[in-house]
Every structure is written in C-alpha cells, then in structure tokens.
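First comes the structure, then the notes that go with it.
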Amino acid sequence: MQTKTRSRSTMRLTRRGRLALLGVGAVLAGTAVVVPLSLGGFGDEEPRTLLIPEGWRASQIYDAIDKALALPPGSARKTVAKAGLKLESAAEGNPEGYLFPATYTLTDDTTAESLLRQMVETANRRFNGAPVAAGAQRNAMNVYEAVTVASIVQAEASTKSDMGKVARVVFNRLERGMPLQMDSTLNYALKRNTIHTSINDTRIESPYNSYQRMGLPPTPIDNPGEDAMRAVTNPPKGDWLYFVTVKPGDTRFTADYTQHLRNVADFNAQHKAGAGSGTPSGSHSPVTRPPQ
C-alpha cells in the first residue's frame, strides 16, 4: 500500500464515473431519485412502468419504488425482511445484486413486496442458468461471487467493450493474491459515488475496503445487468493488472506497472487541462504497487 500524500489527480484503480446518469440526477446513493415512469396518454390508459437502470444500488431502487408507488420514504427498505425473497444463502437476506435492472409494469395491485420479489425472481432466472453457472465454475467461483464481480465490473467499466477486460483484471488480481484496490467498493462503503479518493478514504475500516481487505467484498456493490454478467462469465484472455481511463473512449489496460504510470501521467495531464466537458468518465488511476 502506498502511503505518500497524493495530489488531487491521484493514482488509484479505476471505477466507472456513471456520468451518463448524472444528467438525470439519479446516481448518488441516498440522493433524490428520478423515477422514469410511463404515465400513459389520452384515451385508454397505458400501463405504468418503472425503469431500473443497470448499476443502481439497492438504496436507489428502494427510493425509486417508494416514489413510483407513492409510499412514505423508507417503505420499500422496510419490506425486504418480510417480502420472502429467494436469495442465495451467502446474501444473508441482503438483495443487493439481485434487484435485476429492467422495466417493470405497475398496476393498482403492485406493492413494494411484489416488486422486490419480481426483481429477485428475474435475477434468479438470468443468473442461475447453465451459461452463468458454467462461467462461474470456469473462474473457480460460485454464482453469488460471479454476481459480486459483475457488480464491480458494472461500476468500473467505462463502456460495454471494456467490461470483459475489467473482469479479467479482477480475476488476475485475485489469482495473484493482490488486493483489488477498487474505488467503487470504497464508494459503496462510504455511500457515495465520486472519482476523488484520498489516502484517508483507503484507511477506513470496512469489509468493502478493497485497499486493505483481500478478496471480494462480502456482497455485490450494485445491481449488474446482463452485459456485465456476460463479461464475468466469459472474459477475454489477458495478463492485465492495471487500467485507467485517460479520456472518454480511451481506457488503457496493461500488465506493466511502468507503462501504467505513463498512462496515469497522460490521465493527469488530461485532467489538469480540463479536456472535454469536465472530468472524463471513468478517469481514475490506482493506488497500487506492482505485484511482489
């Protein structure tokens, strides 16, 4: 673990900026959630729907359900324990990772419990099929662990095309006994979503602190979609250990720490220059040492 003080543009392992969602004000956990609902039009009323985007955390989904069903804040969260959700035993009753991102139809009979059950049932259908189970086995993990990796990939990858490589970085680090050092897991622990991570942040006591804890976090950190799951169950071959998104569309993966430092320098130059419209999505760099 590096302990030297870092500047504002620091070196840490990448996470996804999620900037595309910032425009609708529905990204940060604990913030107000914009619920995308179809409210119908003139004439025969169209069914209302609730859209759950890929990568939302359970906390955001609970807020969205409350707003969609006009329930008091906190209602959906309180129903989790009594909703009878069919979760993996490893989840210990926490549905994070299994509230599948999709569009759900709302009727007069829809309740928070029924919506949560539908989301988990959808996830179980998608995740427990032969392709996912076989893919998880190929990577020496169970399905719940695969969903956990997919949630990291969902948060970290700047584009769909980067997802497989991010998954491979995770597997390579696990195989080498390296800490994952992912900002996305820290952000989950701190209930935030930011590209700025300090040395103090990396010292927090949390099972989600992947700078200090080895292996995967104890649960998924968001609710991944099918693209992220496919990336995890069938990642490309590669020896990558580091990655940084220098600018949108330019994520650089490498196994060479010296090359990675050059990539980080390019990122810092872009960040300092304020290229594009503000900080690039996925613009992060690792606080990590080369493998020992």
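Identifiers in this document derive from the order of the structure tokens: chains are assigned A, B, ..., residues are numbered from 1 separately in each chain, and ligands are numbered from 1 in order of occurrence.
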
Margin query: Residues near A:Leu216, anyone? I mean within 9 Å using only C-alpha atoms, not counting same-chain ones fewer than 5 positions away, as a PyMOL selection string.
Written below: chain A and resi 145+148-149+174+179-180+208+210

Please dump the current selection as an mmCIF file, in the first residue's frame; keep all heavy atoms.
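Writing the result to result06.cif gives the following:
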```
data_model
loop_
_atom_site.group_PDB
_atom_site.id
_atom_site.type_symbol
_atom_site.label_atom_id
_atom_site.label_comp_id
_atom_site.auth_asym_id
_atom_site.auth_seq_id
_atom_site.Cartn_x
_atom_site.Cartn_y
_atom_site.Cartn_z
ATOM 1 N N GLU A 145 -20.663 -15.153 -6.058
ATOM 2 C CA GLU A 145 -19.384 -14.470 -6.258
ATOM 3 C C GLU A 145 -19.296 -13.871 -7.660
ATOM 4 O O GLU A 145 -18.754 -12.768 -7.838
ATOM 5 C CB GLU A 145 -18.233 -15.451 -6.021
ATOM 6 C CG GLU A 145 -18.081 -15.853 -4.564
ATOM 7 C CD GLU A 145 -17.135 -17.023 -4.377
ATOM 8 O OE1 GLU A 145 -17.013 -17.854 -5.314
ATOM 9 O OE2 GLU A 145 -16.523 -17.121 -3.296
ATOM 10 N N THR A 148 -21.127 -10.731 -7.642
ATOM 11 C CA THR A 148 -20.338 -9.714 -6.949
ATOM 12 C C THR A 148 -19.293 -9.114 -7.887
ATOM 13 O O THR A 148 -19.116 -7.889 -7.936
ATOM 14 C CB THR A 148 -19.662 -10.317 -5.705
ATOM 15 O OG1 THR A 148 -20.666 -10.823 -4.816
ATOM 16 C CG2 THR A 148 -18.840 -9.267 -4.969
ATOM 17 N N VAL A 149 -18.587 -9.960 -8.634
ATOM 18 C CA VAL A 149 -17.612 -9.451 -9.604
ATOM 19 C C VAL A 149 -18.320 -8.616 -10.661
ATOM 20 O O VAL A 149 -17.843 -7.541 -11.052
ATOM 21 C CB VAL A 149 -16.829 -10.601 -10.261
ATOM 22 C CG1 VAL A 149 -15.897 -10.053 -11.339
ATOM 23 C CG2 VAL A 149 -16.022 -11.361 -9.223
ATOM 24 N N LEU A 174 -7.022 -11.404 -8.201
ATOM 25 C CA LEU A 174 -7.385 -12.429 -7.227
ATOM 26 C C LEU A 174 -6.424 -13.612 -7.304
ATOM 27 O O LEU A 174 -5.982 -14.140 -6.272
ATOM 28 C CB LEU A 174 -8.823 -12.902 -7.471
ATOM 29 C CG LEU A 174 -9.932 -11.896 -7.176
ATOM 30 C CD1 LEU A 174 -11.281 -12.459 -7.614
ATOM 31 C CD2 LEU A 174 -9.967 -11.521 -5.700
ATOM 32 N N PRO A 179 -4.587 -7.219 -3.632
ATOM 33 C CA PRO A 179 -5.853 -6.559 -3.292
ATOM 34 C C PRO A 179 -6.457 -5.934 -4.543
ATOM 35 O O PRO A 179 -5.739 -5.499 -5.441
ATOM 36 C CB PRO A 179 -5.427 -5.491 -2.275
ATOM 37 C CG PRO A 179 -3.987 -5.222 -2.577
ATOM 38 C CD PRO A 179 -3.409 -6.526 -3.049
ATOM 39 N N LEU A 180 -7.775 -5.905 -4.598
ATOM 40 C CA LEU A 180 -8.439 -5.354 -5.782
ATOM 41 C C LEU A 180 -8.213 -3.854 -5.904
ATOM 42 O O LEU A 180 -8.116 -3.319 -7.009
ATOM 43 C CB LEU A 180 -9.938 -5.650 -5.730
ATOM 44 C CG LEU A 180 -10.328 -7.118 -5.827
ATOM 45 C CD1 LEU A 180 -11.847 -7.244 -5.848
ATOM 46 C CD2 LEU A 180 -9.719 -7.781 -7.049
ATOM 47 N N TYR A 208 -15.748 -3.602 2.833
ATOM 48 C CA TYR A 208 -15.779 -3.195 1.424
ATOM 49 C C TYR A 208 -14.532 -2.397 1.027
ATOM 50 O O TYR A 208 -14.440 -1.940 -0.105
ATOM 51 C CB TYR A 208 -17.037 -2.367 1.141
ATOM 52 C CG TYR A 208 -18.305 -3.164 1.285
ATOM 53 C CD1 TYR A 208 -18.987 -3.204 2.499
ATOM 54 C CD2 TYR A 208 -18.815 -3.899 0.219
ATOM 55 C CE1 TYR A 208 -20.140 -3.954 2.646
ATOM 56 C CE2 TYR A 208 -19.973 -4.649 0.358
ATOM 57 C CZ TYR A 208 -20.627 -4.679 1.572
ATOM 58 O OH TYR A 208 -21.769 -5.430 1.708
ATOM 59 N N SER A 210 -11.437 -2.499 -0.347
ATOM 60 C CA SER A 210 -10.615 -3.445 -1.105
ATOM 61 C C SER A 210 -9.172 -2.980 -1.243
ATOM 62 O O SER A 210 -8.375 -3.612 -1.931
ATOM 63 C CB SER A 210 -11.221 -3.683 -2.492
ATOM 64 O OG SER A 210 -11.302 -2.477 -3.234
#
```

Next item on the list: Go through A:Asn263, A:Thr197, A:Asn223, A:Asn128 one by one, measure the shortest atom-to-atom distance of each to A:Pro53 using only C-alpha atoms, and give the residue with the smallest value.
Entry: A:Asn223

Next item on the list: Measuring atom to atom with only C-alpha atoms, identify which of A:Thr245, A:Thr122, A:Asn94, A:Thr185 is nearest to A:Arg213.
Entry: A:Thr185

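Relative to atom CA of A:Met182, atom CA of A:Asn200 is found at 14.6 Å.
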
Checklist line | DSSP alpha helix (DSSP H) residues within stretch 74-217 of chain A, as number ranges by chain | finding: A: 75-79, 112-127, 130-138, 143-156, 163-176, 183-190

Note to self: DSSP on the backbone, strand (DSSP E) only: what residues of stretch 50-215 of chain A does that give? Format it as a PyMOL selection string.
What the structure shows: chain A and resi 50-51+103-106

Could you save those same residues with C-alpha atoms as a PDB file, in the first residue's frame?
```pdb
ATOM      1  CA  LEU A  50     -40.715   1.592 -13.540  1.00  0.00           C
ATOM      2  CA  LEU A  51     -37.285   1.524 -15.167  1.00  0.00           C
ATOM      3  CA  THR A 103     -38.544  -2.236 -16.884  1.00  0.00           C
ATOM      4  CA  TYR A 104     -41.324  -3.355 -14.554  1.00  0.00           C
ATOM      5  CA  THR A 105     -45.052  -2.871 -15.093  1.00  0.00           C
ATOM      6  CA  LEU A 106     -47.003  -1.211 -12.286  1.00  0.00           C
TER       7      LEU A 106
END
```

Next item on the list: Would you list the contacts of A:Gly97 as number ranges by chain, taking every protein, DNA or RNA residue within 12 Å and counting only C-alpha atoms, but skipping same-chain residues closer than 4 positions in sequence?
Entry: A: 54-59, 61, 87-88, 90-91, 93, 101, 119-120, 122-124, 127, 143-152, 154-155, 218-226, 228-229

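Omitting A:Val166 and its sequence neighbours fewer than 3 positions away, and counting only C-alpha atoms, the residues within 10 Å are Thr14, Arg15, Val149, Ala150, Ile152, Val153, Gln154, Glu156, Ala157, Ser158, Ser161, Asp162, Met163, Val169, Val170, Phe171, Asn172, Ala228, Ala231, Val232, Pro235, Pro236, Trp240, Leu241, Tyr242, Phe243 and Phe253 of chain A.
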
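When only C-alpha atoms are used to measure the gap to A:Ala112, the shortest distance among A:Arg77, A:Lys165, A:Arg176, A:Arg192 belongs to A:Arg77.
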
Note to self: Could you list, as a list in words, every residue within 10 Å of A:Thr107, counting only C-alpha atoms and ignoring same-chain residues fewer than 4 positions away?
What the structure shows: Pro47, Arg48, Thr49, Leu69 and Thr111 of chain A

Can those selected residues be exported to a file as a CSV table (one decimal), in the first residue's frame so that it contains all heavy atoms?
```
chain,number,residue,atom,x,y,z
A,47,PRO,N,-50.2,1.1,-19.5
A,47,PRO,CA,-49.7,0.7,-18.2
A,47,PRO,C,-48.5,1.5,-17.8
A,47,PRO,O,-47.7,1.9,-18.6
A,47,PRO,CB,-49.3,-0.8,-18.5
A,47,PRO,CG,-49.1,-0.8,-20.0
A,47,PRO,CD,-50.1,0.1,-20.6
A,48,ARG,N,-48.4,1.8,-16.5
A,48,ARG,CA,-47.3,2.5,-16.0
A,48,ARG,C,-46.1,1.5,-15.8
A,48,ARG,O,-46.3,0.4,-15.5
A,48,ARG,CB,-47.6,3.1,-14.6
A,48,ARG,CG,-48.7,4.2,-14.7
A,48,ARG,CD,-49.0,4.8,-13.3
A,48,ARG,NE,-49.4,3.7,-12.4
A,48,ARG,CZ,-49.0,3.5,-11.2
A,48,ARG,NH1,-48.0,4.3,-10.7
A,48,ARG,NH2,-49.4,2.6,-10.4
A,49,THR,N,-44.9,2.1,-16.0
A,49,THR,CA,-43.7,1.2,-15.8
A,49,THR,C,-42.7,1.9,-15.0
A,49,THR,O,-42.6,3.1,-14.9
A,49,THR,CB,-43.1,0.9,-17.2
A,49,THR,OG1,-42.8,2.1,-17.9
A,49,THR,CG2,-44.1,0.0,-18.0
A,69,LEU,N,-44.6,4.2,-6.2
A,69,LEU,CA,-45.9,3.7,-5.6
A,69,LEU,C,-46.4,4.7,-4.6
A,69,LEU,O,-47.4,4.4,-3.9
A,69,LEU,CB,-45.6,2.4,-4.9
A,69,LEU,CG,-45.1,1.2,-5.7
A,69,LEU,CD1,-45.0,0.0,-4.9
A,69,LEU,CD2,-46.1,1.0,-6.9
A,111,THR,N,-47.3,-3.9,-5.1
A,111,THR,CA,-46.8,-3.4,-3.8
A,111,THR,C,-45.3,-3.4,-3.8
A,111,THR,O,-44.7,-4.0,-4.8
A,111,THR,CB,-47.3,-4.4,-2.7
A,111,THR,OG1,-46.7,-5.7,-2.9
A,111,THR,CG2,-48.8,-4.5,-2.7
```

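Pairwise distance (atom CA of A:Pro73, atom CA of A:Leu186) equals 25.6 Å.
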
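Nearest to A:Asp239 of all the residues A:Ala167, A:Ala189, A:Ala134, A:Ala64 is A:Ala167, counting only C-alpha atoms.
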
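Coordinates place atom CA of A:Lys82 at a distance of 14.2 Å from atom CA of A:Gln118.
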